[in-house]
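Student: Here it is, the structure, as structure tokens.
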Amino acid sequence: MLLPQPSSHGSLEKTLNRADYRTIEMAVHAFDERAWRLSGEEGIAARVGLSREHLNSLFVQWAGVGLSLFMQGLSVQHIRKKLEEAGELSAFSPLPERRCQVRSLPFGQGKRLGAGLAITYGCYPTPFGDCLLAMTGAREICHLSFVDGEDGLSARAELGQTWPQATIITDNRGCTTLVERIFSPAGTESLQPLRLLVSGTTFQLKVWQALCVLPRGAMISYEGLAASMGHPTACRAVASAVAANPVSYLIPCHRVVRKSGEIHHYRWGSSRKKMMLGWEACVS
DNA sequence: TTGAGTCTTGATG
DNA sequence: CATCAAGACTCAA
């Protein structure tokens, strides 16, 4: 059974269709500081196969700033500065208002996880490509991921593995407005707190919970996050927990980066992570 | 670039 | 249970 297709024209103007997503992803991927110094906008446009003007206007439309400014926000120098400004999560507390309430199901149910749960899911366009959003009958968000390729079967399979015993139903319209708001430049601040449902080890829950205080536009290093939780030497373990985040974006694992200022791994592609962080830096 | 330190997880006996 | 290998890391050679 195929994943439902997102409507090609979201009413949210920042939303990207697949072609534009690929273009921007390619541009972000092509960016590195040495190449930038060497050939600048012209070089990146060439790599993408567009004119400099065309590529630039695409960025303006999507992120509100041109290519140069956007890439500047992703420079190691800029990111390192942000990391130093706020070394630990305590820099962000007291949390303004909890945007996400995370409820957890006991870990260890194993293969019986999700029994009795009715989950509807759909595929929706976002500024970072198509996403798959899943929600329980009680309107708790229990999965949010990004879809690559045409069919999105792997994203659908992952949802099934997360909640093996749940009844999973397709509904491609139900959450259109919600997704628009989640990914709107205004962000979720204006929304009622969103309710999330997740399952993980105690340690993972602690990490995911902690991440929720990170506001948009902010970043923290894996080490800083570890220190925030009283395990200053456990950055490797913390990174594993961050990597297991089942509700992307809302649990903002993309805001955790290397202490060096480099943006490395992301479950849905490091280019997507760069797109998110660059975009958030612009619209925030 | 490489290796060692550090801690959680999941697989294996 | 005990052990082992493998990470979205970091730091020092």
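Quick note on naming: the chains in the structure tokens go A, B, ... in the order shown, residues restart at 1 in each chain, and ligands are numbered from 1 in order of appearance.
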Output as a list in words the set of chain A residues within 7 Å of chain B, with distances taken over only C-alpha atoms (C1' of nucleotides).

Tutor: Thr233, Ala234, Arg236 and Ala237 of chain A

Student: Sorted by chain and rising residue number, list the residues of segment 18-70 of chain A at most 12 Å from segment 130-146 of chain A (counting only C-alpha atoms), each with its closest atom pair and distance in Å to one decimal, as CSV.

Tutor:
```
residue,atom,partner,partner_atom,distance
A:Arg18,CA,A:Asp130,CA,7.9
A:Ala19,CA,A:Asp130,CA,11.5
A:Asp20,CA,A:Asp130,CA,11.6
A:Tyr21,CA,A:Asp130,CA,9.0
A:Arg22,CA,A:Asp130,CA,11.2
```

Student: Using only C-alpha atoms (C1' of nucleotides), determine which residues lie at most 12 Å from Asp32 of chain A, disregarding the query and same-chain residues fewer than 4 positions distant; provide the list as a PyMOL selection string.

Tutor: chain A and resi 26-28+36-41+43-44+71-72+74-76+262-263+271+274

Student: Let's see if you can do this: from backbone DSSP, list all strand (DSSP E or B) residues in segment 43-105 of chain A, as an NGL selection string.

Tutor: :A and (100-105)

Student: Taking the DSSP secondary structure from the backbone, can you list the residues of segment 119-259 of chain A that are helix (DSSP H, G or I), as a PDB file with N, CA, C and O atoms, in the first residue's frame?

Tutor:
```pdb
ATOM      1  N   LEU A 153       7.827   4.507   1.094  1.00  0.00           N
ATOM      2  CA  LEU A 153       7.502   3.251   1.771  1.00  0.00           C
ATOM      3  C   LEU A 153       8.332   3.041   3.022  1.00  0.00           C
ATOM      4  O   LEU A 153       7.862   2.460   3.990  1.00  0.00           O
ATOM      5  N   SER A 154       9.551   3.497   3.015  1.00  0.00           N
ATOM      6  CA  SER A 154      10.392   3.251   4.186  1.00  0.00           C
ATOM      7  C   SER A 154       9.893   4.058   5.378  1.00  0.00           C
ATOM      8  O   SER A 154       9.953   3.600   6.513  1.00  0.00           O
ATOM      9  N   ALA A 155       9.394   5.261   5.109  1.00  0.00           N
ATOM     10  CA  ALA A 155       8.847   6.059   6.211  1.00  0.00           C
ATOM     11  C   ALA A 155       7.622   5.366   6.798  1.00  0.00           C
ATOM     12  O   ALA A 155       7.436   5.316   8.014  1.00  0.00           O
ATOM     13  N   ARG A 156       6.806   4.825   5.923  1.00  0.00           N
ATOM     14  CA  ARG A 156       5.612   4.110   6.373  1.00  0.00           C
ATOM     15  C   ARG A 156       6.011   2.849   7.156  1.00  0.00           C
ATOM     16  O   ARG A 156       5.407   2.520   8.180  1.00  0.00           O
ATOM     17  N   ALA A 157       7.025   2.176   6.693  1.00  0.00           N
ATOM     18  CA  ALA A 157       7.482   0.962   7.372  1.00  0.00           C
ATOM     19  C   ALA A 157       8.015   1.297   8.758  1.00  0.00           C
ATOM     20  O   ALA A 157       7.782   0.562   9.724  1.00  0.00           O
ATOM     21  N   GLU A 158       8.689   2.402   8.854  1.00  0.00           N
ATOM     22  CA  GLU A 158       9.248   2.804  10.136  1.00  0.00           C
ATOM     23  C   GLU A 158       8.144   3.086  11.146  1.00  0.00           C
ATOM     24  O   GLU A 158       8.250   2.741  12.317  1.00  0.00           O
ATOM     25  N   LEU A 159       7.084   3.714  10.668  1.00  0.00           N
ATOM     26  CA  LEU A 159       5.941   3.961  11.543  1.00  0.00           C
ATOM     27  C   LEU A 159       5.392   2.647  12.071  1.00  0.00           C
ATOM     28  O   LEU A 159       5.089   2.512  13.257  1.00  0.00           O
ATOM     29  N   GLY A 160       5.280   1.665  11.191  1.00  0.00           N
ATOM     30  CA  GLY A 160       4.773   0.360  11.593  1.00  0.00           C
ATOM     31  C   GLY A 160       5.670  -0.323  12.612  1.00  0.00           C
ATOM     32  O   GLY A 160       5.200  -0.991  13.525  1.00  0.00           O
ATOM     33  N   GLN A 161       6.979  -0.111  12.459  1.00  0.00           N
ATOM     34  CA  GLN A 161       7.899  -0.744  13.408  1.00  0.00           C
ATOM     35  C   GLN A 161       7.864  -0.050  14.761  1.00  0.00           C
ATOM     36  O   GLN A 161       8.113  -0.663  15.793  1.00  0.00           O
ATOM     37  N   THR A 162       7.581   1.241  14.732  1.00  0.00           N
ATOM     38  CA  THR A 162       7.522   1.974  15.994  1.00  0.00           C
ATOM     39  C   THR A 162       6.319   1.540  16.823  1.00  0.00           C
ATOM     40  O   THR A 162       6.397   1.437  18.044  1.00  0.00           O
ATOM     41  N   THR A 176      -3.717  18.778   7.813  1.00  0.00           N
ATOM     42  CA  THR A 176      -3.146  19.808   6.945  1.00  0.00           C
ATOM     43  C   THR A 176      -2.883  21.105   7.691  1.00  0.00           C
ATOM     44  O   THR A 176      -1.775  21.662   7.653  1.00  0.00           O
ATOM     45  N   THR A 177      -3.888  21.581   8.392  1.00  0.00           N
ATOM     46  CA  THR A 177      -3.744  22.853   9.105  1.00  0.00           C
ATOM     47  C   THR A 177      -2.695  22.756  10.207  1.00  0.00           C
ATOM     48  O   THR A 177      -1.883  23.671  10.385  1.00  0.00           O
ATOM     49  N   LEU A 178      -2.724  21.652  10.915  1.00  0.00           N
ATOM     50  CA  LEU A 178      -1.761  21.470  11.996  1.00  0.00           C
ATOM     51  C   LEU A 178      -0.337  21.509  11.468  1.00  0.00           C
ATOM     52  O   LEU A 178       0.530  22.203  12.020  1.00  0.00           O
ATOM     53  N   VAL A 179      -0.099  20.792  10.390  1.00  0.00           N
ATOM     54  CA  VAL A 179       1.259  20.761   9.826  1.00  0.00           C
ATOM     55  C   VAL A 179       1.669  22.149   9.346  1.00  0.00           C
ATOM     56  O   VAL A 179       2.799  22.589   9.558  1.00  0.00           O
ATOM     57  N   GLU A 180       0.739  22.845   8.743  1.00  0.00           N
ATOM     58  CA  GLU A 180       1.050  24.208   8.292  1.00  0.00           C
ATOM     59  C   GLU A 180       1.489  25.076   9.456  1.00  0.00           C
ATOM     60  O   GLU A 180       2.431  25.853   9.358  1.00  0.00           O
ATOM     61  N   ARG A 181       0.804  24.933  10.559  1.00  0.00           N
ATOM     62  CA  ARG A 181       1.145  25.774  11.712  1.00  0.00           C
ATOM     63  C   ARG A 181       2.473  25.368  12.315  1.00  0.00           C
ATOM     64  O   ARG A 181       3.281  26.201  12.691  1.00  0.00           O
ATOM     65  N   ILE A 182       2.687  24.053  12.407  1.00  0.00           N
ATOM     66  CA  ILE A 182       3.938  23.582  12.998  1.00  0.00           C
ATOM     67  C   ILE A 182       5.135  24.141  12.241  1.00  0.00           C
ATOM     68  O   ILE A 182       6.118  24.574  12.840  1.00  0.00           O
ATOM     69  N   THR A 202      14.445   5.047  29.618  1.00  0.00           N
ATOM     70  CA  THR A 202      14.432   6.162  30.557  1.00  0.00           C
ATOM     71  C   THR A 202      15.396   7.248  30.107  1.00  0.00           C
ATOM     72  O   THR A 202      15.071   8.441  30.130  1.00  0.00           O
ATOM     73  N   PHE A 203      16.540   6.810  29.702  1.00  0.00           N
ATOM     74  CA  PHE A 203      17.562   7.760  29.277  1.00  0.00           C
ATOM     75  C   PHE A 203      17.104   8.548  28.048  1.00  0.00           C
ATOM     76  O   PHE A 203      17.229   9.771  27.995  1.00  0.00           O
ATOM     77  N   GLN A 204      16.559   7.855  27.073  1.00  0.00           N
ATOM     78  CA  GLN A 204      16.088   8.530  25.863  1.00  0.00           C
ATOM     79  C   GLN A 204      14.994   9.538  26.191  1.00  0.00           C
ATOM     80  O   GLN A 204      15.013  10.670  25.715  1.00  0.00           O
ATOM     81  N   LEU A 205      14.066   9.139  27.028  1.00  0.00           N
ATOM     82  CA  LEU A 205      12.990  10.044  27.409  1.00  0.00           C
ATOM     83  C   LEU A 205      13.537  11.321  28.029  1.00  0.00           C
ATOM     84  O   LEU A 205      13.075  12.418  27.738  1.00  0.00           O
ATOM     85  N   LYS A 206      14.515  11.127  28.880  1.00  0.00           N
ATOM     86  CA  LYS A 206      15.112  12.275  29.552  1.00  0.00           C
ATOM     87  C   LYS A 206      15.708  13.244  28.528  1.00  0.00           C
ATOM     88  O   LYS A 206      15.543  14.465  28.619  1.00  0.00           O
ATOM     89  N   VAL A 207      16.377  12.679  27.563  1.00  0.00           N
ATOM     90  CA  VAL A 207      17.008  13.515  26.536  1.00  0.00           C
ATOM     91  C   VAL A 207      15.951  14.219  25.688  1.00  0.00           C
ATOM     92  O   VAL A 207      16.032  15.424  25.439  1.00  0.00           O
ATOM     93  N   TRP A 208      14.960  13.476  25.247  1.00  0.00           N
ATOM     94  CA  TRP A 208      13.928  14.065  24.389  1.00  0.00           C
ATOM     95  C   TRP A 208      13.176  15.170  25.120  1.00  0.00           C
ATOM     96  O   TRP A 208      12.895  16.219  24.578  1.00  0.00           O
ATOM     97  N   GLN A 209      12.882  14.882  26.365  1.00  0.00           N
ATOM     98  CA  GLN A 209      12.191  15.863  27.193  1.00  0.00           C
ATOM     99  C   GLN A 209      13.013  17.139  27.309  1.00  0.00           C
ATOM    100  O   GLN A 209      12.509  18.239  27.134  1.00  0.00           O
ATOM    101  N   ALA A 210      14.269  16.946  27.575  1.00  0.00           N
ATOM    102  CA  ALA A 210      15.153  18.102  27.760  1.00  0.00           C
ATOM    103  C   ALA A 210      15.230  18.940  26.490  1.00  0.00           C
ATOM    104  O   ALA A 210      15.247  20.168  26.538  1.00  0.00           O
ATOM    105  N   LEU A 211      15.249  18.273  25.363  1.00  0.00           N
ATOM    106  CA  LEU A 211      15.386  18.972  24.083  1.00  0.00           C
ATOM    107  C   LEU A 211      14.248  19.957  23.827  1.00  0.00           C
ATOM    108  O   LEU A 211      14.418  20.956  23.130  1.00  0.00           O
ATOM    109  N   TYR A 222      26.305  18.522  21.421  1.00  0.00           N
ATOM    110  CA  TYR A 222      26.026  17.248  22.086  1.00  0.00           C
ATOM    111  C   TYR A 222      26.616  17.262  23.487  1.00  0.00           C
ATOM    112  O   TYR A 222      26.000  16.793  24.434  1.00  0.00           O
ATOM    113  N   GLU A 223      27.782  17.847  23.596  1.00  0.00           N
ATOM    114  CA  GLU A 223      28.428  17.905  24.900  1.00  0.00           C
ATOM    115  C   GLU A 223      27.638  18.808  25.853  1.00  0.00           C
ATOM    116  O   GLU A 223      27.419  18.457  27.014  1.00  0.00           O
ATOM    117  N   GLY A 224      27.199  19.953  25.351  1.00  0.00           N
ATOM    118  CA  GLY A 224      26.424  20.864  26.176  1.00  0.00           C
ATOM    119  C   GLY A 224      25.137  20.223  26.651  1.00  0.00           C
ATOM    120  O   GLY A 224      24.705  20.409  27.794  1.00  0.00           O
ATOM    121  N   LEU A 225      24.521  19.470  25.760  1.00  0.00           N
ATOM    122  CA  LEU A 225      23.297  18.771  26.125  1.00  0.00           C
ATOM    123  C   LEU A 225      23.574  17.726  27.202  1.00  0.00           C
ATOM    124  O   LEU A 225      22.834  17.610  28.181  1.00  0.00           O
ATOM    125  N   ALA A 226      24.658  16.998  27.031  1.00  0.00           N
ATOM    126  CA  ALA A 226      25.025  15.985  28.025  1.00  0.00           C
ATOM    127  C   ALA A 226      25.263  16.642  29.385  1.00  0.00           C
ATOM    128  O   ALA A 226      24.774  16.158  30.410  1.00  0.00           O
ATOM    129  N   ALA A 227      25.987  17.735  29.374  1.00  0.00           N
ATOM    130  CA  ALA A 227      26.273  18.437  30.621  1.00  0.00           C
ATOM    131  C   ALA A 227      24.983  18.925  31.270  1.00  0.00           C
ATOM    132  O   ALA A 227      24.822  18.864  32.485  1.00  0.00           O
ATOM    133  N   SER A 228      24.055  19.384  30.443  1.00  0.00           N
ATOM    134  CA  SER A 228      22.785  19.891  30.963  1.00  0.00           C
ATOM    135  C   SER A 228      22.044  18.831  31.751  1.00  0.00           C
ATOM    136  O   SER A 228      21.218  19.138  32.596  1.00  0.00           O
ATOM    137  N   CYS A 235      28.552  12.451  26.047  1.00  0.00           N
ATOM    138  CA  CYS A 235      28.049  13.027  24.795  1.00  0.00           C
ATOM    139  C   CYS A 235      27.768  11.959  23.756  1.00  0.00           C
ATOM    140  O   CYS A 235      26.825  12.064  22.970  1.00  0.00           O
ATOM    141  N   ARG A 236      28.541  10.927  23.772  1.00  0.00           N
ATOM    142  CA  ARG A 236      28.327   9.851  22.799  1.00  0.00           C
ATOM    143  C   ARG A 236      26.988   9.167  23.058  1.00  0.00           C
ATOM    144  O   ARG A 236      26.212   8.908  22.137  1.00  0.00           O
ATOM    145  N   ALA A 237      26.713   8.880  24.300  1.00  0.00           N
ATOM    146  CA  ALA A 237      25.446   8.241  24.658  1.00  0.00           C
ATOM    147  C   ALA A 237      24.271   9.165  24.378  1.00  0.00           C
ATOM    148  O   ALA A 237      23.229   8.737  23.874  1.00  0.00           O
ATOM    149  N   VAL A 238      24.463  10.428  24.696  1.00  0.00           N
ATOM    150  CA  VAL A 238      23.405  11.404  24.435  1.00  0.00           C
ATOM    151  C   VAL A 238      23.114  11.488  22.938  1.00  0.00           C
ATOM    152  O   VAL A 238      21.963  11.549  22.510  1.00  0.00           O
ATOM    153  N   ALA A 239      24.160  11.455  22.157  1.00  0.00           N
ATOM    154  CA  ALA A 239      23.978  11.517  20.707  1.00  0.00           C
ATOM    155  C   ALA A 239      23.137  10.338  20.212  1.00  0.00           C
ATOM    156  O   ALA A 239      22.284  10.502  19.342  1.00  0.00           O
ATOM    157  N   SER A 240      23.370   9.171  20.774  1.00  0.00           N
ATOM    158  CA  SER A 240      22.573   8.010  20.372  1.00  0.00           C
ATOM    159  C   SER A 240      21.102   8.218  20.687  1.00  0.00           C
ATOM    160  O   SER A 240      20.228   7.876  19.887  1.00  0.00           O
ATOM    161  N   ALA A 241      20.848   8.782  21.849  1.00  0.00           N
ATOM    162  CA  ALA A 241      19.458   9.040  22.230  1.00  0.00           C
ATOM    163  C   ALA A 241      18.833  10.086  21.328  1.00  0.00           C
ATOM    164  O   ALA A 241      17.695   9.944  20.874  1.00  0.00           O
ATOM    165  N   VAL A 242      19.575  11.132  21.048  1.00  0.00           N
ATOM    166  CA  VAL A 242      19.087  12.174  20.145  1.00  0.00           C
ATOM    167  C   VAL A 242      18.738  11.551  18.796  1.00  0.00           C
ATOM    168  O   VAL A 242      17.720  11.862  18.181  1.00  0.00           O
ATOM    169  N   ALA A 243      19.592  10.651  18.363  1.00  0.00           N
ATOM    170  CA  ALA A 243      19.404  10.033  17.049  1.00  0.00           C
ATOM    171  C   ALA A 243      18.163   9.158  16.985  1.00  0.00           C
ATOM    172  O   ALA A 243      17.672   8.866  15.904  1.00  0.00           O
ATOM    173  N   CYS A 253      15.647  17.723  17.551  1.00  0.00           N
ATOM    174  CA  CYS A 253      16.968  17.105  17.554  1.00  0.00           C
ATOM    175  C   CYS A 253      17.881  17.742  16.506  1.00  0.00           C
ATOM    176  O   CYS A 253      19.094  17.590  16.571  1.00  0.00           O
ATOM    177  N   HIS A 254      17.286  18.462  15.551  1.00  0.00           N
ATOM    178  CA  HIS A 254      18.126  19.099  14.540  1.00  0.00           C
ATOM    179  C   HIS A 254      18.912  20.273  15.111  1.00  0.00           C
ATOM    180  O   HIS A 254      19.814  20.772  14.467  1.00  0.00           O
ATOM    181  N   ARG A 255      18.558  20.705  16.323  1.00  0.00           N
ATOM    182  CA  ARG A 255      19.268  21.847  16.910  1.00  0.00           C
ATOM    183  C   ARG A 255      20.482  21.410  17.713  1.00  0.00           C
ATOM    184  O   ARG A 255      21.110  22.228  18.385  1.00  0.00           O
TER     185      ARG A 255
END
```

Student: Kindly provide, as a list in words, the residues of chain C having any atom no farther than 10 Å from an atom of chain A, counting only C-alpha atoms (C1' of nucleotides).

Tutor: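 Written out as asked, the residues are DG7, DA8, DC9 and DT10 of chain C.
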
Student: Deliver the residues from the most recent selection as a file, using all heavy atoms, as a PDB file, in the first residue's frame.

Tutor:
```pdb
ATOM      1  P    DG C   7      27.813   1.769  13.894  1.00  0.00           P
ATOM      2  OP1  DG C   7      26.424   2.286  13.675  1.00  0.00           O
ATOM      3  OP2  DG C   7      28.612   1.314  12.775  1.00  0.00           O
ATOM      4  O5'  DG C   7      28.699   2.848  14.670  1.00  0.00           O
ATOM      5  C5'  DG C   7      28.391   4.244  14.634  1.00  0.00           C
ATOM      6  C4'  DG C   7      27.109   4.528  15.358  1.00  0.00           C
ATOM      7  O4'  DG C   7      27.179   3.855  16.653  1.00  0.00           O
ATOM      8  C3'  DG C   7      26.884   6.004  15.671  1.00  0.00           C
ATOM      9  O3'  DG C   7      25.509   6.279  15.807  1.00  0.00           O
ATOM     10  C2'  DG C   7      27.630   6.156  17.016  1.00  0.00           C
ATOM     11  C1'  DG C   7      27.312   4.821  17.667  1.00  0.00           C
ATOM     12  N9   DG C   7      28.418   4.405  18.543  1.00  0.00           N
ATOM     13  C8   DG C   7      29.625   3.890  18.166  1.00  0.00           C
ATOM     14  N7   DG C   7      30.410   3.611  19.175  1.00  0.00           N
ATOM     15  C5   DG C   7      29.659   3.952  20.282  1.00  0.00           C
ATOM     16  C6   DG C   7      29.993   3.870  21.655  1.00  0.00           C
ATOM     17  O6   DG C   7      31.033   3.457  22.173  1.00  0.00           O
ATOM     18  N1   DG C   7      28.952   4.342  22.469  1.00  0.00           N
ATOM     19  C2   DG C   7      27.743   4.815  21.991  1.00  0.00           C
ATOM     20  N2   DG C   7      26.863   5.222  22.913  1.00  0.00           N
ATOM     21  N3   DG C   7      27.424   4.884  20.712  1.00  0.00           N
ATOM     22  C4   DG C   7      28.435   4.442  19.920  1.00  0.00           C
ATOM     23  P    DA C   8      24.545   7.012  14.864  1.00  0.00           P
ATOM     24  OP1  DA C   8      23.360   6.856  15.649  1.00  0.00           O
ATOM     25  OP2  DA C   8      24.676   6.441  13.506  1.00  0.00           O
ATOM     26  O5'  DA C   8      24.823   8.589  14.806  1.00  0.00           O
ATOM     27  C5'  DA C   8      25.983   9.099  14.176  1.00  0.00           C
ATOM     28  C4'  DA C   8      26.051  10.602  14.399  1.00  0.00           C
ATOM     29  O4'  DA C   8      24.857  11.213  13.884  1.00  0.00           O
ATOM     30  C3'  DA C   8      26.162  11.038  15.837  1.00  0.00           C
ATOM     31  O3'  DA C   8      26.873  12.271  15.898  1.00  0.00           O
ATOM     32  C2'  DA C   8      24.716  11.275  16.230  1.00  0.00           C
ATOM     33  C1'  DA C   8      24.179  11.888  14.934  1.00  0.00           C
ATOM     34  N9   DA C   8      22.759  11.663  14.734  1.00  0.00           N
ATOM     35  C8   DA C   8      22.152  10.520  14.307  1.00  0.00           C
ATOM     36  N7   DA C   8      20.852  10.637  14.199  1.00  0.00           N
ATOM     37  C5   DA C   8      20.582  11.949  14.573  1.00  0.00           C
ATOM     38  C6   DA C   8      19.405  12.697  14.679  1.00  0.00           C
ATOM     39  N6   DA C   8      18.209  12.198  14.380  1.00  0.00           N
ATOM     40  N1   DA C   8      19.505  13.966  15.095  1.00  0.00           N
ATOM     41  C2   DA C   8      20.708  14.452  15.390  1.00  0.00           C
ATOM     42  N3   DA C   8      21.904  13.857  15.337  1.00  0.00           N
ATOM     43  C4   DA C   8      21.762  12.597  14.913  1.00  0.00           C
ATOM     44  P    DC C   9      28.473  12.170  16.063  1.00  0.00           P
ATOM     45  OP1  DC C   9      29.026  13.408  15.568  1.00  0.00           O
ATOM     46  OP2  DC C   9      28.960  10.870  15.580  1.00  0.00           O
ATOM     47  O5'  DC C   9      28.572  12.192  17.641  1.00  0.00           O
ATOM     48  C5'  DC C   9      27.866  13.134  18.415  1.00  0.00           C
ATOM     49  C4'  DC C   9      28.747  13.632  19.527  1.00  0.00           C
ATOM     50  O4'  DC C   9      29.559  12.538  20.005  1.00  0.00           O
ATOM     51  C3'  DC C   9      29.719  14.736  19.100  1.00  0.00           C
ATOM     52  O3'  DC C   9      29.750  15.741  20.113  1.00  0.00           O
ATOM     53  C2'  DC C   9      31.055  14.018  18.968  1.00  0.00           C
ATOM     54  C1'  DC C   9      30.926  12.927  20.021  1.00  0.00           C
ATOM     55  N1   DC C   9      31.749  11.736  19.716  1.00  0.00           N
ATOM     56  C2   DC C   9      32.710  11.320  20.661  1.00  0.00           C
ATOM     57  O2   DC C   9      32.830  11.961  21.707  1.00  0.00           O
ATOM     58  N3   DC C   9      33.470  10.244  20.387  1.00  0.00           N
ATOM     59  C4   DC C   9      33.303   9.584  19.240  1.00  0.00           C
ATOM     60  N4   DC C   9      34.073   8.529  19.024  1.00  0.00           N
ATOM     61  C5   DC C   9      32.320   9.978  18.278  1.00  0.00           C
ATOM     62  C6   DC C   9      31.583  11.061  18.554  1.00  0.00           C
ATOM     63  P    DT C  10      30.565  17.064  19.886  1.00  0.00           P
ATOM     64  OP1  DT C  10      29.879  18.116  20.650  1.00  0.00           O
ATOM     65  OP2  DT C  10      30.794  17.225  18.450  1.00  0.00           O
ATOM     66  O5'  DT C  10      31.957  16.764  20.599  1.00  0.00           O
ATOM     67  C5'  DT C  10      31.929  16.214  21.885  1.00  0.00           C
ATOM     68  C4'  DT C  10      33.301  16.243  22.531  1.00  0.00           C
ATOM     69  O4'  DT C  10      33.969  14.987  22.275  1.00  0.00           O
ATOM     70  C3'  DT C  10      34.266  17.333  22.047  1.00  0.00           C
ATOM     71  O3'  DT C  10      35.001  17.802  23.166  1.00  0.00           O
ATOM     72  C2'  DT C  10      35.154  16.606  21.047  1.00  0.00           C
ATOM     73  C1'  DT C  10      35.220  15.214  21.669  1.00  0.00           C
ATOM     74  N1   DT C  10      35.445  14.094  20.736  1.00  0.00           N
ATOM     75  C2   DT C  10      36.239  13.047  21.146  1.00  0.00           C
ATOM     76  O2   DT C  10      36.771  13.001  22.235  1.00  0.00           O
ATOM     77  N3   DT C  10      36.386  12.042  20.223  1.00  0.00           N
ATOM     78  C4   DT C  10      35.825  11.991  18.973  1.00  0.00           C
ATOM     79  O4   DT C  10      36.029  11.032  18.241  1.00  0.00           O
ATOM     80  C5   DT C  10      35.003  13.116  18.609  1.00  0.00           C
ATOM     81  C7   DT C  10      34.357  13.152  17.256  1.00  0.00           C
ATOM     82  C6   DT C  10      34.859  14.105  19.507  1.00  0.00           C
TER      83       DT C  10
END
```

Student: Interatomic distance between atom CA of Val60 of chain A and atom CA of Pro215 of chain A?

Tutor: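 The value is 23.3 Å.
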